[in-house]
Amino acid sequence: MNKNKKQEVKDKLAGTIMEAQGVLTDDKALELKGKARQTKGKAHGMVADIQDQTHDMTDKFVGSVKEKAGEVSDMKPLELKGKAEKAYAEAEPKERFLFGLGVFSALFLVIGLLIYMVSDDEN
């Protein structure tokens, strides 16, 4: 989560609380201040979305370039890396999380197997 997304959550929450306090105490200024703070949070959210989209577009472009460079130079690893980067950039955040979780799990499996093999060799 980037800093603008965090700021969005903070501002929306603080604004909602301020607005509610204003309503409860019949303080129109506080109520309006809370609404303004929520709007500020929405603006931070839009900036975060634009940053994410820009990052994704850059990753797609770089992946496409690597893929084509691998095809032209007949370098299969580069081509495959480009395809993978492009696919990752096109994936939804939920899919990215699951992919990261899968890589993390696979890494632990490999480490576990290595530890098992080393301890088995000692016996």
# chains A, B, ... in the order shown; residues from 1 in each chain; ligands from 1
>>> residues_around(residues="region 6-17 of chain A", least_positions_apart="3", cutoff="6 Å", atoms="only C-alpha atoms", output="list of chain:residue names")
A:Lys3, A:Ala20, A:Gly34, A:Lys35, A:Arg37, A:Gln38, A:Gly41, A:His44, A:Gly45
>>> closest_residue(among="A:Met57, A:Val62, A:Leu98, A:Ala91", to="Leu78 (chain A)", atoms="only C-alpha atoms")
A:Val62
>>> closest_residue(among="A:Lys66, A:Gly22, A:Asn4, A:Thr58", to="Ala43 (chain A)", atoms="only C-alpha atoms")
A:Asn4
>>> closest_residue(among="A:Ala29, A:Met18, A:Ala36, A:Met46", to="Lys5 (chain A)", atoms="only C-alpha atoms")
A:Met46
>>> atom_distance(atom1="CA of Leu80 (chain A)", atom2="CA of Asn2 (chain A)")
28.8 Å
>>> decode(residues="region 18-38 of chain A", atoms="N, CA and C atoms", output="mmCIF file, in the first residue's frame")
data_model
loop_
_atom_site.group_PDB
_atom_site.id
_atom_site.type_symbol
_atom_site.label_atom_id
_atom_site.label_comp_id
_atom_site.auth_asym_id
_atom_site.auth_seq_id
_atom_site.Cartn_x
_atom_site.Cartn_y
_atom_site.Cartn_z
ATOM 1 N N MET A 18 -14.927 13.475 12.505
ATOM 2 C CA MET A 18 -15.169 14.904 12.688
ATOM 3 C C MET A 18 -16.599 15.274 12.280
ATOM 4 N N GLU A 19 -17.038 14.725 11.164
ATOM 5 C CA GLU A 19 -18.394 15.014 10.703
ATOM 6 C C GLU A 19 -19.426 14.528 11.725
ATOM 7 N N ALA A 20 -19.232 13.327 12.237
ATOM 8 C CA ALA A 20 -20.154 12.775 13.238
ATOM 9 C C ALA A 20 -20.155 13.634 14.509
ATOM 10 N N GLN A 21 -18.975 14.090 14.949
ATOM 11 C CA GLN A 21 -18.907 14.967 16.127
ATOM 12 C C GLN A 21 -19.678 16.260 15.871
ATOM 13 N N GLY A 22 -19.514 16.785 14.651
ATOM 14 C CA GLY A 22 -20.215 18.012 14.289
ATOM 15 C C GLY A 22 -21.719 17.838 14.304
ATOM 16 N N VAL A 23 -22.189 16.694 13.810
ATOM 17 C CA VAL A 23 -23.631 16.419 13.806
ATOM 18 C C VAL A 23 -24.140 16.269 15.238
ATOM 19 N N LEU A 24 -23.400 15.517 16.046
ATOM 20 C CA LEU A 24 -23.829 15.264 17.424
ATOM 21 C C LEU A 24 -23.849 16.526 18.288
ATOM 22 N N THR A 25 -22.866 17.404 18.050
ATOM 23 C CA THR A 25 -22.778 18.622 18.859
ATOM 24 C C THR A 25 -23.443 19.816 18.177
ATOM 25 N N ASP A 26 -24.044 19.579 17.021
ATOM 26 C CA ASP A 26 -24.696 20.630 16.234
ATOM 27 C C ASP A 26 -23.711 21.749 15.885
ATOM 28 N N ASP A 27 -22.463 21.332 15.570
ATOM 29 C CA ASP A 27 -21.404 22.277 15.182
ATOM 30 C C ASP A 27 -21.209 22.162 13.669
ATOM 31 N N LYS A 28 -21.828 23.074 12.927
ATOM 32 C CA LYS A 28 -21.798 23.027 11.452
ATOM 33 C C LYS A 28 -20.379 23.170 10.909
ATOM 34 N N ALA A 29 -19.558 23.996 11.563
ATOM 35 C CA ALA A 29 -18.179 24.192 11.100
ATOM 36 C C ALA A 29 -17.388 22.887 11.192
ATOM 37 N N LEU A 30 -17.539 22.172 12.290
ATOM 38 C CA LEU A 30 -16.839 20.902 12.474
ATOM 39 C C LEU A 30 -17.355 19.855 11.484
ATOM 40 N N GLU A 31 -18.653 19.878 11.263
ATOM 41 C CA GLU A 31 -19.252 18.953 10.300
ATOM 42 C C GLU A 31 -18.691 19.191 8.898
ATOM 43 N N LEU A 32 -18.617 20.452 8.487
ATOM 44 C CA LEU A 32 -18.068 20.788 7.164
ATOM 45 C C LEU A 32 -16.578 20.469 7.079
ATOM 46 N N LYS A 33 -15.872 20.700 8.175
ATOM 47 C CA LYS A 33 -14.443 20.370 8.223
ATOM 48 C C LYS A 33 -14.240 18.864 8.032
ATOM 49 N N GLY A 34 -15.116 18.070 8.625
ATOM 50 C CA GLY A 34 -15.046 16.618 8.462
ATOM 51 C C GLY A 34 -15.307 16.194 7.030
ATOM 52 N N LYS A 35 -16.299 16.834 6.394
ATOM 53 C CA LYS A 35 -16.593 16.517 4.988
ATOM 54 C C LYS A 35 -15.426 16.899 4.089
ATOM 55 N N ALA A 36 -14.810 18.041 4.393
ATOM 56 C CA ALA A 36 -13.646 18.475 3.610
ATOM 57 C C ALA A 36 -12.489 17.488 3.771
ATOM 58 N N ARG A 37 -12.306 16.984 4.977
ATOM 59 C CA ARG A 37 -11.225 16.015 5.233
ATOM 60 C C ARG A 37 -11.479 14.715 4.472
ATOM 61 N N GLN A 38 -12.740 14.307 4.387
ATOM 62 C CA GLN A 38 -13.081 13.107 3.616
ATOM 63 C C GLN A 38 -12.788 13.325 2.132
#
